[in-house]
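> The structure that follows is given in the form of structure tokens.
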Amino acid sequence: MLPPFDTSMILDALSSSESRRHAFRSGFGTGSLMNVRARVERQSSITEPDIESILKVGNYSDTVNQLDMYYGLVKRQLLRHQSPTTGLFPAQAHNKKVGSVRDSIYCAAAVWALYQAYRRIDDDRGKSYELGQSAVKCIRGILSCWFRETSKVENFKSSQRVEYALHTYFDLATGAELSPEEFTFKEGKNNLQIDVISLFLVFLVQMITSGLQIIYTSDEIFFIQNLVYYVERAYRTPDFGMWARGSKYNEGKPEIHASSIGMAKAALEAINGCNLFGDRGCANSVIYVDIDAHNRNRSIFETMLPKESSSKNTDSSLLPALSWPCFATHDEMSYNQTKAKIVKKLKGNYGFKRFLRDGYGTILEDKDREFYTEGETKNFEQIESEWPIFYLFMIIDGVFKGLPDQVLEYQKLLKPRLKRDHLGDPIVPKYFFVPEDSVEYERQDPGSQFRQSSSEGSPSDIFLWGQAMYVIADLLTEGLVHINEIDLIRRYLPSYNRPRRGGRYSAFQGTASDLVVQVVLIAESMRLQAMMATYGIQTQTPHEVEPVQIWPPGELVKVYQNLGVSESFNLTGRPGRPIGALGTSKVYRICGQTILCYPLIFEVSEFYLSHDMSLLIDDIKTELQFVGRYWRLSGRPTVCILIREEHMRDPQFKEMIDLFALLRNGSLEGLKVRTGRLQNLISSSCIEHLDFVSDEDFERLNVQPFTQLKHEYIGYQSLTDVPTALKYTEEDTDFSSFVDKSTYDILEALKLTTTFKGQAELLAILIRREGMHYQIENKSLRDRMIDVKRRAGSVRIWSVVRYCSSILEQLVDSISPFITTVLVNGKLLTVGVIGKEEIVLDKPMTPKEIQLVLYKHVAPYDLMQAVLQQEVLLYCGRLIATNPELFSGILKIRIGWVLKAVELYLTMTNDEELKMNGNTNGSPSQDSLNERSPSELRRLIYKVLTVKEWASDEKLSPLHRRQLEGALSRVPDGFYPKVWLVLSKTLEGINLQGHKIDKKATTTNMTLSELNFRLTVEDMLSKCVNSEYRQIIVELLCILATILERNPELQFRCQVDLDQLISDALQIFLKDTGFGRKNSLDVTKKQSSDESQLFETHILLFCSAPPSLTNGLLARAVVNNLLKGGVQEDAIENDFAERCQIS
């Protein structure tokens, strides 16, 4: 325990100005409204603070007295609770056992802010040094605790699992890991909180930049580098968020949080290029950040805003991510929209709610249970606790943003909520809750009832995070510290307005409005170069760019694996993750050598997509646009385009020549491009010095640069001289009978078979029987299958290529980031064959997990779909990043059904062709999807996704439109609120195909705005086996909602049976159109096969009718159903007179 304070000394320091002390005791700044406005406006200036002029404005002795008052406050309320052994702070003053990392960081930040304020004056009587060292002790104490968990950091780099997460609570005295019994509050058990690690990195950089020496040794630098790897994958790591509860249902399940991703993005920006030894550091003490990992966090964070997560529509935890201390976005629209949503949804008279239906601190929460039961969150609606600490975040935000009215507003709100201790010091309560006897009144009239302050945040049990925030906010509003003094790296400014950092390392500087992407064309050989020159395309060979070396991106990965290696901590350095498009657009200096890497798209992959030239051309365009759009570093990006000889033998190589001609002209779809010799472009390039690599390490890596092909003959003069791949066809022979034959017979047949298809099928039989490693003439079956795939790829036999890839269970490169991109855009994915089990991909997955799902749940039912669905996954991930509007109305992207939509479109187009040719009896002669090139499949997917744009022009029939929209699982705007309205107007729920949405369970456990409700509706719709039937159900639900909205007094007396309503509408249709039968059919009852087939025929007729007809029929069926229930006939009949229309 610390010795007791001599309070008389502190009180003497406070007694210099009675009026100023009274103002301090009131918990506010001392100035008038005009003075507060002036201080805020002065604070928001982006210029450096003029300390001398600031001190001259006011009385010097008054400034010293003010600082001394805050010094006394910090000593009494914060530093007295700092552990003398570990330097950590507890979350609550009364807790002498558990140290909280988050609370410690904020306490250290408050102490450091006062340290910065004291540096303004000359004679501080040693207080500045004391405060600075107290902050250093805390930050180093956190590091010391984490040093004991280096094995977790190492494991987390490769597998982001909860058990590998760094702890965020430790023994206050020893820094040891806590046992489960030692937790005094249940939140501490959920340690996977990426935002805490990110927050630590941000303040570490700020304090080091201020001159404090925190990092002492090289091993500590290596550990910090590994913390960077720890947070780099925040964009795909579900964690428990700031409140350590995961989803809002508090059931122990993590989810992806925008606040965690935003803080990780800010941390990566802050620490990139930072020298942890400060001004005295050398090259080995610099931290490096993967720019592609940063970009993924940035784009996904901004995509998620203004939402916090799948279950939380918004959350107050976004405030520290959006504003101080992280400033994770400088997009004004995203910032204003998110902040406005937080204020609208969560602001109260006593503070901000953490999130809607938050049970923490409410009188109804069971303190003895760690998790909630299903539907329990409904109990906390409208009575959530309110936290005044977020008033302080809004005050600080107002200072940084130059918003004096906002500062004054939240100061006024905060003042009556502060408590006082026996010395009159202000105390910030942790939260305010609704007393038990006021709960029902508060629910009926939110905001009307008195709230009681929590015991945490009282004079007897100080809430340290709240007190730390109070000190920082008051120092800022009083003008005792400038915003530039607590944000030395200028996080609050857009990157292009920050002071440019000199030195050898790349820095985030924002994107120039006229950014130019530099392109270097590298030809694999001299004869390829000569041939390209005949078309006016200037290229260079690897020999011509010397001494600059051209590297494959995999070689750069090997170099980076030396970054952060620590034998003392058993840390291996950077994981073997591929270098992305932005990383390969830098020029590198390594051990005196200059290196440029070509992008990953030019790597020869095991997967077959590299055989498709059209796909490569599209990827080059996408790569250049991506780099131009997301480049954030100083210097221009330099992209290396590698041209191989195998490319020029492709029939579509002329398309690539056309692309190079566009690049030569300096523009590509609005992007400014500059091509030229590499030696001329280096001076304006972004150059990264990898000084962490020693000469010995570089020699040991045995790097293999890209080498030039040498030929005796270089006489190709034009494309017409190049031997191109001829169109290849082969007979379709059936080898299925060999399944029952002996291995010897299969081997003999294999020797005689010349077709790729036959060889692949025979090898597949042998692989299933003998295994991949079975040897034939010293060559394994796997190698032979790869050889068949390669040769088939060279002649574009796509069905054989896909078949071989499926047998080999291959996975497309870098599929995981594309899946993550889809998920963070608020969509879900499913893979599976139609009619079989669909596997939902609702969280980021590793490549191994994806491979297991595809080849366990897809391949057994349709071997080719295991690779076709990978193509769709990849393209959807690319497309949603650039054209998210194409997926509007689609909540769950069902990959099998997307392929079905493509098949339906092909059937439609072939039907039209047959009719035009006068063939009405034959079946459409179309190539199967398996035989189409990947680039063709991409174009078809894009075509069906844009059906809205061309349906009218191409005169698509109502049936075909419904089939396509239903297969894509698309719903109209405002659909889910309409389903919620229908559900609220039933007594039991909604039923479809035997699947029921129960009203009570759904409305109790979910809210209209959250993702889980929409997923529940989507699960019900997915029970439809025909796409057109699904779409008619969607139209029916919209009509139901329209009728109920116009007649709010109506209600269904039991469940709404959608199948019965469709059956009723169908009978009306058959009767009106003359197709009716004597015995009517009822879809809700079991039918014979003939009846089922007849019903499907009738449904097709019904779906072929235009919406103007079907809407009226569905409305009549709904009205008839309501009339049978005896519900207010007049109102219904009057409403029915108006035609229901669906936009």
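Every chain in the structure tokens has a letter given in the order shown (A, B, ...), and although residue numbers restart at 1 in each chain, ligands are simply numbered from 1 in the order shown.
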Which polymer residues have any atom within 8 Å of an atom of region 202-205 of chain A, counting only C-alpha atoms, with same-chain residues fewer than 6 positions away left out, as a PyMOL selection string?

chain A and resi 105+109+139+214+266-267+270-271+274+276+325-326

> Using C-alpha atoms, can you export the residues from the last selection as an mmCIF file, in the first residue's frame?


data_model
loop_
_atom_site.group_PDB
_atom_site.id
_atom_site.type_symbol
_atom_site.label_atom_id
_atom_site.label_comp_id
_atom_site.auth_asym_id
_atom_site.auth_seq_id
_atom_site.Cartn_x
_atom_site.Cartn_y
_atom_site.Cartn_z
ATOM 1 C CA ILE A 105 -4.125 2.784 -20.321
ATOM 2 C CA ALA A 109 -3.113 8.794 -20.549
ATOM 3 C CA ILE A 139 2.807 1.161 -19.835
ATOM 4 C CA ILE A 214 9.422 3.278 -22.660
ATOM 5 C CA ALA A 266 -5.662 3.548 -36.167
ATOM 6 C CA ALA A 267 -2.957 1.606 -34.330
ATOM 7 C CA ALA A 270 0.139 5.306 -35.805
ATOM 8 C CA ILE A 271 2.941 2.789 -35.348
ATOM 9 C CA CYS A 274 7.720 4.578 -35.578
ATOM 10 C CA LEU A 276 10.509 2.827 -30.539
ATOM 11 C CA PRO A 325 -7.984 8.836 -28.978
ATOM 12 C CA CYS A 326 -8.030 6.856 -32.256
#

> What's around Val982 (chain A) at 7 Å? Count only C-alpha atoms, leave out sequence neighbours fewer than 4 positions away in its own chain, and write the answer as number ranges by chain.

A: 978, 986, 1040-1041

> What would the file look like if the residues just selected were written as a CSV table (one decimal), in the first residue's frame with N, CA and C atoms?


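Output saved as out-v5.csv:
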chain,number,residue,atom,x,y,z
A,978,LYS,N,-41.6,-5.0,-43.3
A,978,LYS,CA,-43.0,-5.4,-43.6
A,978,LYS,C,-43.2,-6.8,-43.0
A,986,THR,N,-50.0,-11.1,-35.9
A,986,THR,CA,-50.5,-12.5,-35.8
A,986,THR,C,-50.4,-12.9,-34.3
A,1040,LEU,N,-49.5,-8.5,-47.9
A,1040,LEU,CA,-50.0,-8.7,-46.5
A,1040,LEU,C,-49.7,-7.4,-45.7
A,1041,ALA,N,-48.4,-7.0,-45.8
A,1041,ALA,CA,-48.0,-5.8,-45.0
A,1041,ALA,C,-48.8,-4.6,-45.4

> Do you know which residues are at most 8 Å from Leu596 (chain A) counting only C-alpha atoms, after dropping those on the same chain fewer than 3 positions away, and could you put them as a compact mmCIF listing (two decimals) with N, CA and C atoms, in the first residue's frame?


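Produced file out36.txt, reproduced below:
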# COMPACT_ATOMS: atom_id res chain seq x y z
N VAL A 548 18.47 -3.21 -60.62
CA VAL A 548 17.20 -3.51 -59.95
C VAL A 548 16.82 -4.96 -60.25
N GLN A 549 16.35 -5.66 -59.24
CA GLN A 549 15.94 -7.04 -59.40
C GLN A 549 14.42 -7.14 -59.39
N ILE A 550 13.89 -8.07 -60.18
CA ILE A 550 12.45 -8.37 -60.19
C ILE A 550 12.26 -9.64 -59.38
N TRP A 551 11.41 -9.54 -58.34
CA TRP A 551 11.20 -10.69 -57.44
C TRP A 551 9.77 -11.20 -57.55
N THR A 584 3.17 -4.93 -53.04
CA THR A 584 4.03 -5.15 -54.21
C THR A 584 4.15 -3.90 -55.08
N SER A 585 3.51 -2.81 -54.68
CA SER A 585 3.61 -1.55 -55.44
C SER A 585 4.67 -0.62 -54.85
N LYS A 586 5.42 -1.09 -53.87
CA LYS A 586 6.56 -0.35 -53.34
C LYS A 586 7.84 -0.82 -54.01
N VAL A 587 8.84 0.05 -54.01
CA VAL A 587 10.19 -0.35 -54.39
C VAL A 587 10.97 -0.56 -53.09
N TYR A 588 11.64 -1.70 -52.98
CA TYR A 588 12.31 -2.06 -51.73
C TYR A 588 13.82 -1.93 -51.86
N CYS A 640 4.37 -3.69 -61.33
CA CYS A 640 5.12 -4.46 -62.32
C CYS A 640 4.18 -5.44 -63.01

> Which residue is closest to Ile462 (chain A)? Choose from A:Asp618, A:Glu544, A:Asp732, A:Asp103 and count only C-alpha atoms.

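So, comparing all the options, the nearest one is A:Asp103.
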